[in-house]
Number of protein chains: 2
Amino acid sequence: MKPFNIGIIGLGARGVVLLSSLIKIPELNVAAVCDNDLGRVERYRELCREKGLSEPFSTVDYRELLARDLDAVIVSTTWNTHVPIAVAAMRAGKHVGIEVGGALCEQDCWELVKTSEETGRFCMMLENCCYGDNELTVFNMARQGLFGEIVHAAGGYEHDLREQIALGGEMRHGRMVNFLHRNGDLYPTHQLGPIAKLLNINRGNRILSVVSVASKARGVHHWIEKNRPDDSELMRADWKEGDVVTSILRCAGGETIVLTHACTLPRPYSRDGRIQGTRGLWLEERDAVFVEDDAPQTVSNPDGEHHWSPLSDYKAEYRHPLWVEYDRKGIAKEGHNDMDYLVLCAFADSLEHGEPPIDVYDTATWMAVTYLSEQSVAMGGTPVPMPDFTSGRWLNRAPERRSKYALTEICREQFE
Amino acid sequence: MKPFNIGIIGLGARGVVLLSSLIKIPELNVAAVCDNDLGRVERYRELCREKGLSEPFSTVDYRELLARDLDAVIVSTTWNTHVPIAVAAMRAGKHVGIEVGGALCEQDCWELVKTSEETGRFCMMLENCCYGDNELTVFNMARQGLFGEIVHAAGGYEHDLREQIALGGEMRHGRMVNFLHRNGDLYPTHQLGPIAKLLNINRGNRILSVVSVASKARGVHHWIEKNRPDDSELMRADWKEGDVVTSILRCAGGETIVLTHACTLPRPYSRDGRIQGTRGLWLEERDAVFVEDDAPQTVSNPDGEHHWSPLSDYKAEYRHPLWVEYDRKGIAKEGHNDMDYLVLCAFADSLEHGEPPIDVYDTATWMAVTYLSEQSVAMGGTPVPMPDFTSGRWLNRAPERRSKYALTEICREQFE
């Protein structure tokens with residue numbers, strides 16, 4: 001099979017990290033790269049040479065890249081430019097893999113959806129956490145009924161990014177301006193992605209509403225006071241993003257999803273996952289599960305006080321076949337390249353067969369949580385409605401295409 | 001000193017448990033007891049005899065008890081009768097210790113407050129969790145600045161009570177009717193109490209609003225299906241209380257408080273505590289804290305990945321002097337009598353000196369979360385305002401009376 005020619009738009013830290021996974025996937029050929037910073041373009045070309053790749057076409061203007069004969073593009077630019085570039089790419093006939101981020105407004109989400117529908121090109125969010133080992137193990141347990149009927153889920157993006165936010169620096173994530181001026185869940189998809197797939201969001205279920213409440217913003221200023229007390233401009237900065245933004249999503253199926261965004265306080269990283277049903281639950285912070293009947297009890301206690309089991313006790317039986325295969329292949333881990341590798345394999349598989357496991361409806365819905373959360377925070381926690389980006393299709397959509405990378409079901413026959 | 005004569009109204013499970021702590025407190029003499037169930041009254045008199053107490057006056061009519069010459073009464077009846085009995089007790093000149101529970105409506109909260117103000121009798125919620133060992137250790141750490149400026153807190157009442165709820169039974173908590181007909185955070189104070197004291201609620205800070213969202217209700221029916229499938233009446237019951245009710249409270253000081261109520265799903269007990277500030281946090285589910293600078297790092301990682309420390313590492317230095325003293329006294333533990341004992345000591349201390357650490361404003365505010373949560377759930381998560389039960393006094397109230405049992409500060413000189 002001839003590999004798919006892909007372009008990468010956005011060669012910052014994320015574009016560089018992706019390359020280490022891309023070179024392990026023979027179905028994907030990096031044929032063109034682009035960044036509006038010429039220095040980054042040149043460094044990336046050099047990186048390609050170092051890795052023994054044939055030199056890609058390169059440009060500082062993404063429209064030049066989109067004019068080329070490519071099968072798909074990956075958009076790994078700064079958050080707030082994802083949508084216009086993805087839309088332009090689909091209009092230029094390319095399938096799109098869009099990096100993780102949130103939406104600025106409702107119109108952007110509709111434009112992604114309508115452009116995908118009109119052009120027949122897909123737009124898949126490359127949400128790597130959907131392919132995390134723990135997330136998929138818990139998904140497998142949930143689908144086999146170990147937690148019973150799922151009624152509640154939670155997740156957090158709790159990541160101490162104070163230095164990046166305060167200083168911007170090499171990463172140029174655009175985080176600084178977002179944290180200065182916005183207040184809401186700026187980065188909801190790492191947690192929401194796996195939860196939404198588990199809850200069949202956009203296929204028989206949908207998110208109805210979002211409420212968000214933000215705490216005061218103290219973390220970044222506190223960091224600056226301690227680490228850059230002489231920078232008077234930074235010391236005067238008035239950060240609007242609350243240190244902890246809590247959101248509650250209600251689903252048509254009656255489930256609730258609680259999301260926590262907290263990137264400006266010191267703490268170990270956590271995605272704070274929780275999947276809870278009528279038989280038991282998983283708690284990421286404990287790295288443990290409780291499954292009724294399975295759970296060890298305190299024998300001395302006649303009331304049968306229950307105890308947690310480490311998630312690892314269930315790994316032998318319930319690890320997702322994708323991870324079993326991945327482990328068997330022995331592809332080396334670099335950073336969180338494991339999840340990156342798998343989500344890019346899913347992207348390649350979708351280029352071959354069409355219909356990605358994370359489609360434009362998922363992408364738009366997950367990204368929408370950001371602007372909805374800002375709206376709710378601005379109105380003191382008032383619930384705001386989630387648009388139905390499927391325009392009613394969620395009611396009776398066909399099941400997801402069967403593949404190794406499917407995220408609403410596990411297609412075991414694909415692994416035989 | 002002559003002991004205070006107290007009456008106990010409500011001799012169910014809770015009234016019985018309290019007795020084991022009361023007999024260890026010489027300042028309190030159980031002079032009268034009451035329950036509208038004569039069988040319970042008789043069993044309680046027998047219990048008193050067994051424990052070597054002089055026999056209390058007993059009655060099935062609490063008005064008869066209130067007519068006696070008593071210093072105070074403890075109200076340990078079923079939730080929904082706490083307020084009218086407490087109000088009648090204050091009008092009869094008695095100080096009141098009210099057991100844990102939530103309010104049914106705003107008017108009940110105002111009646112507690114206004115009656116206490118008019119009669120000069122206090123109404124203290126006997127919220128034992130305010131005197132928990134972990135809660136007080138973390139409070140001590142927070143007051144000494146280890147977590148920096150507090151911006152966020154969370155707590156859950158996550159207790160598998162399905163059997164009690166479904167069957168009612170001996171306990172007669174009234175849980176069954178509440179879970180059948182209501183939908184909100186029915187039991188918010190175990191977690192909210194310690195958090196509210198830490199955040200100086202009603203003394204320089206106050207709760208502004210509550211939003212609550214409930215998941216679907218599946219847990220109790222699932223339990224019945226499994227354990228009482230032949231009871232057709234139970235099988236048809238339509239439980240309204242969502243399995244997981246999540247609430248977000250906003251405070252005037254900018255802090256957020258997230259509360260989780262989940263009593264109808266199988267899991268190990270948890271109060272799911274979290275206290276988070278600009279320097280670190282405590283997470284009950286990990287039984288661990290993270291304190292910036294103190295925290296161990298992964299030396300091999302140049303980014304300095306931080307790790308949790310067990311809370312026990314901080315106990316030697318930061319245990320609350322009340323618990324150090326309690327431990328030294330060697331008072332035997334029975335059930336969670338440790339916290340009961342301490343909250344009842346605080347009650348006795350307040351009878352002697354006036355002004356309890358949990359006053360009527362705290363009691364009303366904490367109880368109010370229940371009806372506010374129900375209102376918000378009913379309106380799809382709309383934020384509802386918390387009344388200011390202090391009528392503005394929170395802006396400039398005098399500091400709490402100094403005592404061993406103070407909950408907004410630690411009065412170390414009291415332990416010398």
# chains A, B, ... in the order shown; residues from 1 in each chain; ligands from 1

$ residues_around --residues "range 90-100 of chain A" --least-positions-apart "6" --cutoff "9 Å" --atoms "only C-alpha atoms" --output "mmCIF file with C-alpha atoms, in the first residue's frame"
data_model
loop_
_atom_site.group_PDB
_atom_site.id
_atom_site.type_symbol
_atom_site.label_atom_id
_atom_site.label_comp_id
_atom_site.auth_asym_id
_atom_site.auth_seq_id
_atom_site.Cartn_x
_atom_site.Cartn_y
_atom_site.Cartn_z
ATOM 1 C CA ILE A 6 0.164 14.243 5.066
ATOM 2 C CA ARG A 14 3.524 19.534 19.817
ATOM 3 C CA LEU A 66 -3.046 23.247 1.410
ATOM 4 C CA ALA A 67 -2.597 23.836 -2.361
ATOM 5 C CA ASP A 69 -1.592 17.195 -3.377
ATOM 6 C CA LEU A 70 -1.957 15.763 0.130
ATOM 7 C CA ASP A 71 -4.376 13.236 1.618
ATOM 8 C CA ALA A 72 -4.635 14.890 4.992
ATOM 9 C CA VAL A 73 -3.227 17.503 7.297
ATOM 10 C CA ILE A 74 -2.564 17.592 10.990
ATOM 11 C CA VAL A 75 -3.237 20.935 12.652
ATOM 12 C CA SER A 76 -0.914 21.385 15.621
ATOM 13 C CA THR A 77 -0.847 25.159 15.780
ATOM 14 C CA TRP A 79 -5.257 26.634 20.175
ATOM 15 C CA HIS A 82 -7.193 25.322 14.946
ATOM 16 C CA VAL A 83 -10.641 25.978 13.518
ATOM 17 C CA LEU A 112 -16.232 22.595 11.485
ATOM 18 C CA THR A 115 -17.643 22.123 6.315
ATOM 19 C CA SER A 116 -17.037 18.449 7.024
ATOM 20 C CA GLU A 118 -20.329 19.631 2.767
ATOM 21 C CA THR A 119 -16.853 18.517 1.698
ATOM 22 C CA GLY A 120 -17.064 14.880 2.767
ATOM 23 C CA ARG A 121 -13.694 15.321 4.484
ATOM 24 C CA PHE A 122 -13.468 14.201 8.091
ATOM 25 C CA CYS A 123 -12.215 16.238 11.031
ATOM 26 C CA MET A 124 -10.875 14.065 13.826
ATOM 27 C CA MET A 125 -9.638 15.490 17.091
ATOM 28 C CA LEU A 126 -6.354 13.753 17.866
ATOM 29 C CA GLU A 127 -7.370 13.280 21.495
ATOM 30 C CA ASN A 128 -4.573 10.995 22.589
ATOM 31 C CA TYR A 187 -8.833 22.453 28.052
ATOM 32 C CA THR A 189 -11.052 17.199 26.138
ATOM 33 C CA HIS A 190 -8.367 15.032 27.754
ATOM 34 C CA LEU A 344 -2.159 8.523 14.898
ATOM 35 C CA PHE A 347 -5.993 8.517 12.084
ATOM 36 C CA LEU A 351 -7.722 7.666 6.054
ATOM 37 C CA THR A 363 -14.715 17.169 17.925
ATOM 38 C CA MET A 367 -14.445 21.713 21.986
#

$ interface_residues --of "chain B" --to "chain A" --cutoff "9 Å" --atoms "only C-alpha atoms" --output "ChimeraX atom specification"
/B:149,151-152,209-220,222-223,243-251,253-258,264-269,276-281,283,285-286,290-292,305-308,380-383

$ select_by_dssp --residues "range 161-277 of chain A" --states "helix (DSSP H, G or I)" --output "ChimeraX atom specification"
/A:162-167,169-171,175-181,189-198,219-227,232-236

$ residues_around --residues "Lys197 in chain A" --least-positions-apart "4" --cutoff "7 Å" --atoms "only C-alpha atoms" --output "JSON, numbers by chain"
{"A": [193, 201, 407, 408]}

$ write_last_selection --atoms "N, CA, C and O atoms" --output "PDB file, in the first residue's frame"
ATOM      1  N   GLY A 193     -13.046  13.373  26.455  1.00  0.00           N
ATOM      2  CA  GLY A 193     -13.000  12.474  25.299  1.00  0.00           C
ATOM      3  C   GLY A 193     -13.343  11.036  25.661  1.00  0.00           C
ATOM      4  O   GLY A 193     -14.354  10.488  25.193  1.00  0.00           O
ATOM      5  N   ILE A 201     -21.900   9.445  23.614  1.00  0.00           N
ATOM      6  CA  ILE A 201     -22.301  10.798  23.236  1.00  0.00           C
ATOM      7  C   ILE A 201     -22.268  10.909  21.705  1.00  0.00           C
ATOM      8  O   ILE A 201     -21.319  10.485  21.055  1.00  0.00           O
ATOM      9  N   LEU A 407     -13.963   3.377  19.482  1.00  0.00           N
ATOM     10  CA  LEU A 407     -13.971   3.877  20.862  1.00  0.00           C
ATOM     11  C   LEU A 407     -15.319   3.732  21.557  1.00  0.00           C
ATOM     12  O   LEU A 407     -15.439   4.040  22.743  1.00  0.00           O
ATOM     13  N   THR A 408     -16.352   3.281  20.819  1.00  0.00           N
ATOM     14  CA  THR A 408     -17.614   3.018  21.512  1.00  0.00           C
ATOM     15  C   THR A 408     -17.794   1.531  21.779  1.00  0.00           C
ATOM     16  O   THR A 408     -18.649   1.145  22.566  1.00  0.00           O
TER      17      THR A 408
END

$ atom_distance --atom1 "CA of Pro357 in chain B" --atom2 "CA of Lys24 in chain B"
20.6 Å

$ select_by_dssp --residues "range 231-302 of chain B" --states "strand (DSSP E or B)" --output "list in words"
Val245, Thr246, Ser247, Ile248, Leu249, Arg250, Cys251, Thr256, Ile257, Val258, Leu259, Thr260, His261, Ala262, Ser270, Arg274, Ile275, Gln276, Gly277, Gly280, Leu281, Trp282, Leu283, Ala288, Val289, Phe290, Val291 and Gln297 of chain B

$ closest_residue --among "B:Ala89, B:Leu11, B:Met141, B:Cys109" --to "Thr365 in chain B" --atoms "only C-alpha atoms"
B:Cys109

$ atom_distance --atom1 "CA of Pro356 in chain B" --atom2 "CA of Lys404 in chain B"
11.4 Å

$ atom_distance --atom1 "CA of Val33 in chain B" --atom2 "CA of Ile8 in chain B"
4.7 Å

$ residues_around --residues "Ser403 in chain B" --least-positions-apart "3" --cutoff "10 Å" --atoms "only C-alpha atoms" --output "list in words"
Ala346, Asp349, Ser350, His353, Pro356, Pro357, Glu400, Ala406, Leu407, Glu409, Ile410, Cys411, Arg412, Glu413, Gln414 and Phe415 of chain B

$ closest_residue --among "B:Lys114, B:Val60, B:Ile275, B:Ser376" --to "Arg143 in chain B" --atoms "only C-alpha atoms"
B:Ile275

$ closest_residue --among "B:Ser309, B:Leu53, B:Ala32, B:Ile9" --to "Ala88 in chain B" --atoms "only C-alpha atoms"
B:Ile9

$ residues_around --residues "Pro3 in chain A" --least-positions-apart "5" --cutoff "8 Å" --atoms "only C-alpha atoms" --output "ChimeraX atom specification"
/A:26-29
